[in-house]
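Asks: See protein.txt below, with compact mmCIF, C-alpha atoms.
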```
# COMPACT_ATOMS: atom_id res chain seq x y z
CA MET A 27 33.44 19.94 -32.46
CA GLU A 28 33.01 16.20 -31.99
CA PRO A 29 30.22 14.83 -29.72
CA TRP A 30 31.31 14.49 -26.13
CA PRO A 31 31.99 10.97 -24.79
CA TRP A 32 29.84 9.66 -21.95
CA TYR A 33 32.55 10.10 -19.29
CA VAL A 34 32.81 13.81 -20.06
CA SER A 35 29.04 14.28 -20.25
CA GLY A 36 28.27 12.33 -17.06
CA ALA A 37 30.80 14.36 -15.09
CA LEU A 38 29.39 17.63 -16.45
CA ILE A 39 25.84 16.65 -15.44
CA ALA A 40 27.10 16.05 -11.89
CA LEU A 41 28.67 19.53 -12.13
CA VAL A 42 25.29 21.03 -13.13
CA MET A 43 23.72 19.39 -10.08
CA TRP A 44 26.45 20.87 -7.89
CA ILE A 45 25.96 24.32 -9.46
CA MET A 46 22.21 24.23 -8.74
CA LEU A 47 22.80 23.14 -5.13
CA TYR A 48 25.39 25.90 -4.71
CA PHE A 49 22.82 28.35 -6.07
CA GLY A 50 20.49 27.16 -3.28
CA LYS A 51 18.12 25.23 -5.56
CA SER A 52 17.58 21.64 -6.59
CA PHE A 53 18.06 20.20 -10.04
CA GLY A 54 14.64 19.13 -11.36
CA PHE A 55 13.30 20.12 -14.74
CA SER A 56 9.73 18.83 -14.98
CA SER A 57 8.32 21.02 -12.18
CA ASN A 58 8.53 23.79 -14.79
CA LEU A 59 5.57 22.17 -16.55
CA ARG A 60 3.45 22.62 -13.43
CA THR A 61 4.63 26.24 -13.12
CA ILE A 62 3.61 26.94 -16.73
CA CYS A 63 0.14 25.47 -15.99
CA THR A 64 -0.23 27.87 -13.08
CA MET A 65 0.92 30.83 -15.20
CA CYS A 66 -1.79 29.90 -17.71
CA GLY A 67 -4.46 30.05 -15.01
CA ALA A 68 -4.72 26.37 -13.98
CA ASP A 69 -4.80 27.49 -10.32
CA LYS A 70 -8.40 28.57 -10.89
CA VAL A 71 -9.39 25.02 -11.83
CA ALA A 72 -7.41 22.72 -9.53
CA PRO A 73 -5.83 23.27 -6.09
CA PHE A 74 -2.69 21.37 -7.24
CA PHE A 75 -1.72 24.49 -9.19
CA LYS A 76 -2.28 26.99 -6.36
CA PHE A 77 1.18 28.34 -5.53
CA ASN A 78 3.12 31.51 -6.22
CA TRP A 79 4.68 30.67 -9.57
CA LYS A 80 7.07 33.63 -9.30
CA GLU A 81 9.02 31.65 -6.70
CA GLN A 82 9.82 29.22 -9.52
CA SER A 83 10.98 31.87 -11.99
CA TRP A 84 14.60 30.77 -11.48
CA ASN A 85 13.69 27.33 -12.87
CA LEU A 86 11.88 28.87 -15.85
CA MET A 87 15.07 30.79 -16.59
CA PHE A 88 16.93 27.46 -16.49
CA LEU A 89 14.37 26.12 -19.00
CA VAL A 90 14.85 29.08 -21.35
CA GLY A 91 18.61 28.62 -21.03
CA ALA A 92 18.32 24.94 -21.99
CA GLY A 93 16.61 25.97 -25.23
CA VAL A 94 19.30 28.56 -25.93
CA GLY A 95 21.92 25.90 -25.19
CA GLY A 96 20.35 23.58 -27.78
CA TYR A 97 20.46 26.37 -30.36
CA ILE A 98 24.09 27.21 -29.60
CA ALA A 99 25.18 23.56 -29.58
CA LEU A 100 23.64 22.79 -32.97
CA ASN A 101 24.59 25.99 -34.76
CA PHE A 102 28.01 26.82 -33.33
CA LEU A 103 29.42 23.69 -31.71
CA SER A 104 28.52 20.95 -34.22
CA PRO A 105 29.70 20.12 -37.72
CA GLU A 106 27.37 20.65 -40.68
CA ASN A 107 25.20 17.64 -41.55
CA TYR A 108 25.75 16.34 -38.05
CA SER A 109 24.66 12.76 -37.52
CA VAL A 110 24.42 10.88 -34.22
CA ALA A 111 26.84 7.94 -34.12
CA ILE A 112 24.56 5.22 -32.76
CA SER A 113 25.45 1.55 -33.00
CA ASP A 114 24.89 -0.42 -36.21
CA ALA A 115 22.61 -2.81 -34.30
CA THR A 116 20.24 0.05 -33.42
CA ILE A 117 20.18 1.34 -37.00
CA SER A 118 19.41 -2.16 -38.23
CA ASP A 119 16.62 -2.62 -35.66
CA LEU A 120 15.04 0.72 -36.50
CA LYS A 121 15.06 -0.13 -40.21
CA ASP A 122 13.57 -3.57 -39.54
CA PHE A 123 10.31 -2.19 -38.33
CA GLY A 124 10.19 0.87 -40.49
CA VAL A 125 10.95 3.73 -38.10
CA LEU A 126 13.96 4.56 -40.20
CA GLU A 127 13.94 4.75 -43.99
CA LEU A 128 16.00 1.94 -45.55
CA GLU A 129 18.18 4.35 -47.56
CA LYS A 130 19.44 6.06 -44.38
CA THR A 131 23.12 5.56 -43.63
CA LYS A 132 25.11 6.25 -40.51
CA GLU A 133 26.08 9.62 -42.02
CA SER A 134 22.54 10.78 -42.81
CA LEU A 135 20.66 10.11 -39.57
CA GLY A 136 20.72 13.68 -38.32
CA PHE A 137 20.23 14.40 -34.61
CA VAL A 138 16.63 13.11 -34.52
CA PRO A 139 14.57 11.41 -37.27
CA ALA A 140 13.30 14.24 -39.49
CA SER A 141 10.30 12.15 -40.58
CA GLN A 142 9.02 12.28 -36.98
CA PHE A 143 10.34 15.47 -35.40
CA SER A 144 10.72 18.18 -38.08
CA TRP A 145 8.15 20.97 -38.53
CA ASP A 146 6.85 19.18 -41.64
CA ALA A 147 6.14 15.99 -39.66
CA ILE A 148 3.31 17.76 -37.83
CA SER A 149 1.16 17.68 -40.97
CA ASP A 150 1.26 13.85 -40.96
CA THR A 151 -1.55 12.53 -38.76
CA THR A 152 0.35 9.50 -37.42
CA SER A 153 3.42 11.57 -36.58
CA LEU A 154 1.26 14.19 -34.90
CA LEU A 155 -0.52 11.61 -32.77
CA ILE A 156 2.84 10.13 -31.71
CA LEU A 157 4.10 13.58 -30.68
CA ILE A 158 0.91 14.30 -28.74
CA ALA A 159 0.80 10.90 -27.00
CA GLY A 160 4.51 10.96 -26.15
CA GLY A 161 4.40 14.45 -24.69
CA PHE A 162 1.21 13.79 -22.75
CA MET A 163 2.64 10.71 -21.04
CA VAL A 164 5.91 12.52 -20.23
CA GLY A 165 4.03 15.39 -18.59
CA PHE A 166 1.42 13.29 -16.81
CA GLY A 167 3.89 10.63 -15.68
CA ALA A 168 6.55 13.06 -14.49
CA ARG A 169 4.11 14.87 -12.20
CA TYR A 170 2.47 11.63 -11.01
CA ALA A 171 5.91 10.25 -10.15
CA GLY A 172 6.96 13.60 -8.68
CA GLY A 173 9.93 14.11 -10.97
CA CYS A 174 11.69 13.21 -14.20
CA THR A 175 15.18 12.05 -15.13
CA SER A 176 16.88 15.05 -13.51
CA GLY A 177 14.81 15.05 -10.30
CA HIS A 178 14.72 11.30 -9.70
CA ALA A 179 17.48 9.53 -11.69
CA ILE A 180 20.14 12.17 -10.96
CA SER A 181 19.18 14.25 -7.90
CA GLY A 182 17.05 11.66 -6.07
CA ILE A 183 19.37 8.69 -6.44
CA SER A 184 22.38 10.88 -5.57
CA ASN A 185 20.53 11.56 -2.32
CA LEU A 186 19.94 7.78 -1.92
CA GLN A 187 16.14 8.07 -2.03
CA PRO A 188 14.42 4.67 -2.41
CA ALA A 189 11.41 6.44 -3.96
CA SER A 190 13.61 7.78 -6.75
CA LEU A 191 15.06 4.35 -7.40
CA LEU A 192 11.54 2.96 -7.72
CA ALA A 193 10.59 5.80 -10.10
CA VAL A 194 13.60 4.95 -12.29
CA VAL A 195 12.55 1.28 -12.27
CA GLY A 196 9.18 2.57 -13.52
CA PHE A 197 10.90 4.68 -16.22
CA PHE A 198 12.53 1.52 -17.53
CA ILE A 199 9.41 -0.65 -17.30
CA GLY A 200 7.61 1.96 -19.42
CA GLY A 201 10.51 2.59 -21.80
CA LEU A 202 11.18 -1.09 -22.43
CA ALA A 203 7.47 -1.85 -22.93
CA MET A 204 7.18 1.00 -25.44
CA THR A 205 10.33 0.05 -27.32
CA HIS A 206 9.88 -3.71 -27.48
CA PHE A 207 6.11 -4.29 -27.40
CA LEU A 208 4.37 -1.11 -28.55
CA PHE A 209 6.78 0.17 -31.24
CA PRO A 210 6.09 -2.85 -33.51
CA LEU A 211 2.37 -2.04 -33.24
CA ILE A 212 2.79 1.72 -33.79
CA TYR A 213 5.33 1.74 -36.62
CA MET B 30 19.19 40.37 -12.66
CA LYS B 31 19.36 37.75 -9.96
CA ASN B 32 18.06 34.98 -12.22
CA LEU B 33 20.76 35.46 -14.84
CA LYS B 34 22.93 32.77 -13.26
CA PHE B 35 20.12 30.25 -13.72
CA LEU B 36 19.80 31.22 -17.37
CA LEU B 37 23.53 30.59 -17.82
CA ALA B 38 23.32 27.28 -15.93
CA GLY B 39 20.48 26.32 -18.27
CA VAL B 40 22.55 27.20 -21.33
CA PHE B 41 25.37 25.02 -19.98
CA PHE B 42 22.90 22.18 -19.34
CA GLY B 43 21.37 22.53 -22.82
CA ILE B 44 24.78 22.37 -24.48
CA ILE B 45 25.65 19.25 -22.42
CA MET B 46 22.36 17.54 -23.37
CA PHE B 47 23.00 18.21 -27.05
CA LYS B 48 26.73 17.54 -27.22
CA SER B 49 26.39 14.36 -25.15
CA GLU B 50 23.60 13.30 -27.57
CA ALA B 51 21.44 12.50 -24.52
CA ALA B 52 18.75 14.66 -26.16
CA SER B 53 18.79 12.50 -29.29
CA TRP B 54 15.83 10.20 -29.97
CA TYR B 55 18.35 7.74 -31.47
CA ARG B 56 20.35 7.51 -28.22
CA ILE B 57 17.19 6.82 -26.21
CA GLN B 58 16.27 3.99 -28.57
CA GLU B 59 19.81 2.63 -28.34
CA MET B 60 19.52 2.74 -24.54
CA PHE B 61 16.20 0.90 -24.37
CA ARG B 62 17.63 -1.72 -26.77
CA PHE B 63 20.77 -2.17 -24.61
CA GLN B 64 22.97 -1.62 -27.68
CA SER B 65 25.50 0.83 -26.26
CA ILE B 66 26.98 1.85 -22.96
CA HIS B 67 26.59 5.54 -23.91
CA MET B 68 23.44 6.56 -21.97
CA TYR B 69 24.16 4.19 -19.06
CA GLY B 70 27.65 5.68 -18.83
CA ILE B 71 26.29 9.24 -18.73
CA ILE B 72 23.61 8.62 -16.08
CA GLY B 73 25.75 6.10 -14.17
CA LEU B 74 28.74 8.43 -13.91
CA ALA B 75 26.57 11.41 -12.95
CA VAL B 76 25.12 9.34 -10.10
CA ALA B 77 28.49 7.79 -9.15
CA LEU B 78 29.84 11.33 -8.67
CA GLY B 79 26.55 12.65 -7.27
CA VAL B 80 26.28 10.16 -4.38
CA PRO B 81 29.62 11.05 -2.71
CA MET B 82 29.05 14.73 -3.53
CA VAL B 83 25.70 14.85 -1.72
CA TRP B 84 27.05 12.70 1.14
CA PHE B 85 30.00 15.05 1.57
CA MET B 86 27.80 18.17 1.44
CA LYS B 87 25.49 16.75 4.11
CA ARG B 88 28.39 15.70 6.31
CA LYS B 89 30.05 19.11 6.05
CA ASN B 90 26.72 20.97 6.42
CA ALA B 91 27.59 22.74 3.19
CA LYS B 92 26.31 26.26 2.58
CA ASP B 93 25.12 27.75 -0.67
CA PHE B 94 26.56 30.95 -2.23
CA SER B 95 24.47 33.12 0.10
CA GLY B 96 25.58 31.29 3.25
CA ALA B 97 22.27 29.45 3.78
CA PRO B 98 22.51 25.73 4.56
CA ILE B 99 21.88 23.45 1.59
CA GLU B 100 18.83 21.31 2.30
CA PHE B 101 18.19 17.84 0.94
CA LYS B 102 14.53 16.99 1.22
CA PRO B 103 13.72 13.30 1.64
CA LYS B 104 10.96 11.97 -0.63
CA ASN B 105 8.01 10.29 1.04
CA TRP B 106 8.00 6.58 0.37
CA SER B 107 5.07 4.95 -1.38
CA ILE B 108 4.73 2.40 -4.15
CA TRP B 109 2.03 3.40 -6.57
CA ARG B 110 2.88 6.93 -7.56
CA TYR B 111 6.50 6.07 -8.34
CA LEU B 112 5.81 2.77 -10.06
CA LEU B 113 2.74 3.86 -12.07
CA GLY B 114 3.83 7.45 -12.65
CA GLY B 115 7.32 6.27 -13.55
CA THR B 116 5.97 3.69 -15.99
CA ILE B 117 3.75 6.25 -17.74
CA PHE B 118 6.72 8.62 -17.92
CA GLY B 119 8.88 5.85 -19.39
CA LEU B 120 6.30 5.08 -22.09
CA GLY B 121 6.35 8.74 -23.09
CA TRP B 122 10.15 9.00 -22.83
CA ALA B 123 10.66 6.14 -25.30
CA LEU B 124 7.90 7.34 -27.66
CA SER B 125 9.05 10.95 -27.88
CA GLY B 126 12.74 10.12 -27.40
CA ALA B 127 13.13 12.93 -24.90
CA CYS B 128 12.50 13.66 -21.24
CA PRO B 129 11.45 17.21 -20.27
CA GLY B 130 14.89 18.90 -20.43
CA PRO B 131 15.80 17.48 -23.85
CA ILE B 132 12.32 18.38 -25.22
CA VAL B 133 13.24 22.04 -24.72
CA VAL B 134 16.81 21.49 -25.99
CA ASN B 135 15.40 20.00 -29.20
CA ILE B 136 13.07 22.96 -29.68
CA GLY B 137 16.06 25.29 -29.34
CA ALA B 138 17.89 23.22 -31.94
CA GLY B 139 14.97 23.80 -34.32
CA TYR B 140 13.18 20.42 -34.34
CA GLY B 141 9.63 21.76 -34.51
CA GLY B 142 7.85 18.52 -33.69
CA TYR B 143 9.04 18.96 -30.11
CA VAL B 144 6.89 22.08 -29.79
CA VAL B 145 3.90 19.74 -30.02
CA VAL B 146 5.54 17.39 -27.50
CA LEU B 147 6.07 20.28 -25.05
CA VAL B 148 2.52 21.64 -25.36
CA SER B 149 1.19 18.12 -24.88
CA ALA B 150 3.45 17.56 -21.85
CA ILE B 151 2.06 20.76 -20.28
CA LEU B 152 -1.44 19.45 -21.02
CA GLY B 153 -0.53 16.09 -19.44
CA THR B 154 0.65 17.89 -16.31
CA PHE B 155 -2.60 19.86 -16.24
CA VAL B 156 -4.73 16.71 -16.55
CA TYR B 157 -2.72 15.09 -13.73
CA GLY B 158 -3.54 18.11 -11.57
CA LEU B 159 -7.23 17.64 -12.32
CA VAL B 160 -7.44 13.90 -11.63
CA ARG B 161 -4.74 13.37 -9.00
CA LYS B 162 -7.20 12.82 -6.13
CA LYS B 163 -8.63 9.83 -8.00
CA LEU B 164 -5.22 8.17 -8.55
CA PRO B 165 -3.46 5.80 -6.14
CA HIS B 166 -0.44 7.52 -4.59
```
Could I get this file's structure written as structure tokens?
Replies:
Amino acid sequence: MEPWPWYVSGALIALVMWIMLYFGKSFGFSSNLRTICTMCGADKVAPFFKFNWKEQSWNLMFLVGAGVGGYIALNFLSPENYSVAISDATISDLKDFGVLELEKTKESLGFVPASQFSWDAISDTTSLLILIAGGFMVGFGARYAGGCTSGHAISGISNLQPASLLAVVGFFIGGLAMTHFLFPLIY
Amino acid sequence: MKNLKFLLAGVFFGIIMFKSEAASWYRIQEMFRFQSIHMYGIIGLAVALGVPMVWFMKRKNAKDFSGAPIEFKPKNWSIWRYLLGGTIFGLGWALSGACPGPIVVNIGAGYGGYVVVLVSAILGTFVYGLVRKKLPH
């Protein structure tokens, strides 16, 4: 199956939001990270984690489902040697500062860069530090801002919340700074 | 099992994130380099449909499947937590190429590096919980 165009995908994400509302819940993924902290005993260390995590079990099921969905999509709904069809300008940029190996072609990109995100990449110290730093900022920032892309960019803005709009402005300040100023220093 | 429907909704969401390529590190780079409409189209259309949907549900006092009214909680306004928290999140989003949902989708698809990203994201959430009283909100 070919990748889905943006106008199909965007409509389906709105459908997911509607499904969650119809199920009596709100669409927000990153609160699962807080729930997992509580399950691991963080409620004994900080009051922020004191809540009945079982009330969030529905969202943990959504999380597990998302992982299953990724497995199904790659293994049953995608061609072999699948490669993401990004623009030539992006490929050229990524090669310019060495994120992407020069011999890579549009047909051999894969879904994510294997040099950074495969199991083997963990044994490389630089790659490992990038994974740790990236994840840490996602988790810390999402909770500080009170939500991630699903909670703020989709659910919050759909509900016309100025706070969510400001959070998304923040997402882009951070993302643009990382991409244009910090990537040349890191890679 | 009453949570089965959420598992199925999650599977649907995971497939969308993968098949739309929104979970791809490459697409996030392309977005932050303004080199394709792809990601802007996805998020923009979801919001363009979401705004009238939520407006209509509020206006009609829509009920969920169990007959309970659907509530939309307003978010308290402040500057710092959204601007600073959002910026830190954005730095991590661009570096790891995935926000929380797609991190899990990538793990399901077998990209093992994202296991480290997820564990670290949980750790980041934990550290926020420890230091939140010292941060401007």
Asks: Could you build a table of the residues in chain B lying no more than 6 Å from chain A, giving for each the nearest pair of atoms and their separation in Å rounded to one decimal place, using only C-alpha atoms, ordered by chain and ascending residue number, as a Markdown table?
Replies:
```
| residue | atom | partner | partner_atom | distance |
| --- | --- | --- | --- | --- |
| B:Asn32 | CA | A:Trp84 | CA | 5.5 |
| B:Phe35 | CA | A:Phe88 | CA | 5.1 |
| B:Leu36 | CA | A:Gly91 | CA | 4.6 |
| B:Gly39 | CA | A:Gly91 | CA | 4.1 |
| B:Val40 | CA | A:Gly95 | CA | 4.1 |
| B:Phe42 | CA | A:Ala92 | CA | 6.0 |
| B:Gly43 | CA | A:Ala92 | CA | 4.0 |
| B:Ile44 | CA | A:Gly95 | CA | 4.6 |
| B:Lys48 | CA | A:Pro29 | CA | 5.1 |
| B:Ser49 | CA | A:Trp30 | CA | 5.0 |
| B:Ser53 | CA | A:Val138 | CA | 5.7 |
| B:Trp54 | CA | A:Val138 | CA | 5.5 |
| B:Glu59 | CA | A:Thr116 | CA | 5.7 |
| B:Phe61 | CA | A:Leu202 | CA | 5.7 |
| B:His67 | CA | A:Trp32 | CA | 5.6 |
| B:Gly70 | CA | A:Trp32 | CA | 5.5 |
| B:Ile71 | CA | A:Gly36 | CA | 4.0 |
| B:Leu74 | CA | A:Gly36 | CA | 5.0 |
| B:Ala75 | CA | A:Gly36 | CA | 4.5 |
| B:Val76 | CA | A:Ser184 | CA | 5.5 |
| B:Gly79 | CA | A:Ser184 | CA | 4.8 |
| B:Val80 | CA | A:Ser184 | CA | 4.1 |
| B:Asp93 | CA | A:Tyr48 | CA | 4.5 |
| B:Phe94 | CA | A:Tyr48 | CA | 5.7 |
| B:Trp106 | CA | A:Ala189 | CA | 5.5 |
| B:Arg110 | CA | A:Ala171 | CA | 5.2 |
| B:Tyr111 | CA | A:Ala193 | CA | 4.5 |
| B:Leu112 | CA | A:Gly196 | CA | 4.8 |
| B:Gly114 | CA | A:Ala171 | CA | 4.3 |
| B:Gly115 | CA | A:Gly196 | CA | 4.1 |
| B:Thr116 | CA | A:Gly200 | CA | 4.2 |
| B:Ile117 | CA | A:Gly167 | CA | 4.8 |
| B:Phe118 | CA | A:Gly167 | CA | 4.1 |
| B:Gly119 | CA | A:Phe197 | CA | 3.9 |
| B:Leu120 | CA | A:Gly200 | CA | 4.3 |
| B:Gly121 | CA | A:Gly160 | CA | 4.2 |
| B:Ala123 | CA | A:Gly201 | CA | 5.0 |
| B:Leu124 | CA | A:Gly160 | CA | 5.2 |
| B:Ser125 | CA | A:Gly160 | CA | 4.9 |
| B:Pro129 | CA | A:Ser56 | CA | 5.8 |
| B:Val133 | CA | A:Gly93 | CA | 5.2 |
| B:Val134 | CA | A:Gly96 | CA | 4.5 |
| B:Gly137 | CA | A:Gly93 | CA | 4.2 |
| B:Ala138 | CA | A:Tyr97 | CA | 4.4 |
| B:Tyr140 | CA | A:Ser144 | CA | 5.0 |
| B:Gly141 | CA | A:Trp145 | CA | 4.4 |
| B:Gly142 | CA | A:Phe143 | CA | 4.3 |
| B:Val146 | CA | A:Gly161 | CA | 4.2 |
| B:Ser149 | CA | A:Phe162 | CA | 4.8 |
| B:Ala150 | CA | A:Gly165 | CA | 4.0 |
| B:Ile151 | CA | A:Leu59 | CA | 5.3 |
| B:Gly153 | CA | A:Phe166 | CA | 4.3 |
| B:Thr154 | CA | A:Phe166 | CA | 4.7 |
| B:Tyr157 | CA | A:Phe166 | CA | 5.5 |
| B:Gly158 | CA | A:Phe74 | CA | 5.5 |
| B:Leu159 | CA | A:Ala72 | CA | 5.8 |
```
Asks: Please, what distance in Å, to one decimal, runs between atom CA of B:Gly139 and atom CA of A:Tyr108?
Replies: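 The value is 13.6 Å.
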Asks: How many Å separate atom CA of B:Leu33 from atom CA of B:Lys102?
Replies: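 So the two atoms, atom CA of B:Leu33 and atom CA of B:Lys102, lie 25.3 Å apart.
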Asks: Just how far from atom CA of B:Pro103 is atom CA of B:Ile45, in Å to one decimal?
Replies: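 We find that atom CA of B:Ile45 and atom CA of B:Pro103 lie 27.5 Å from each other.
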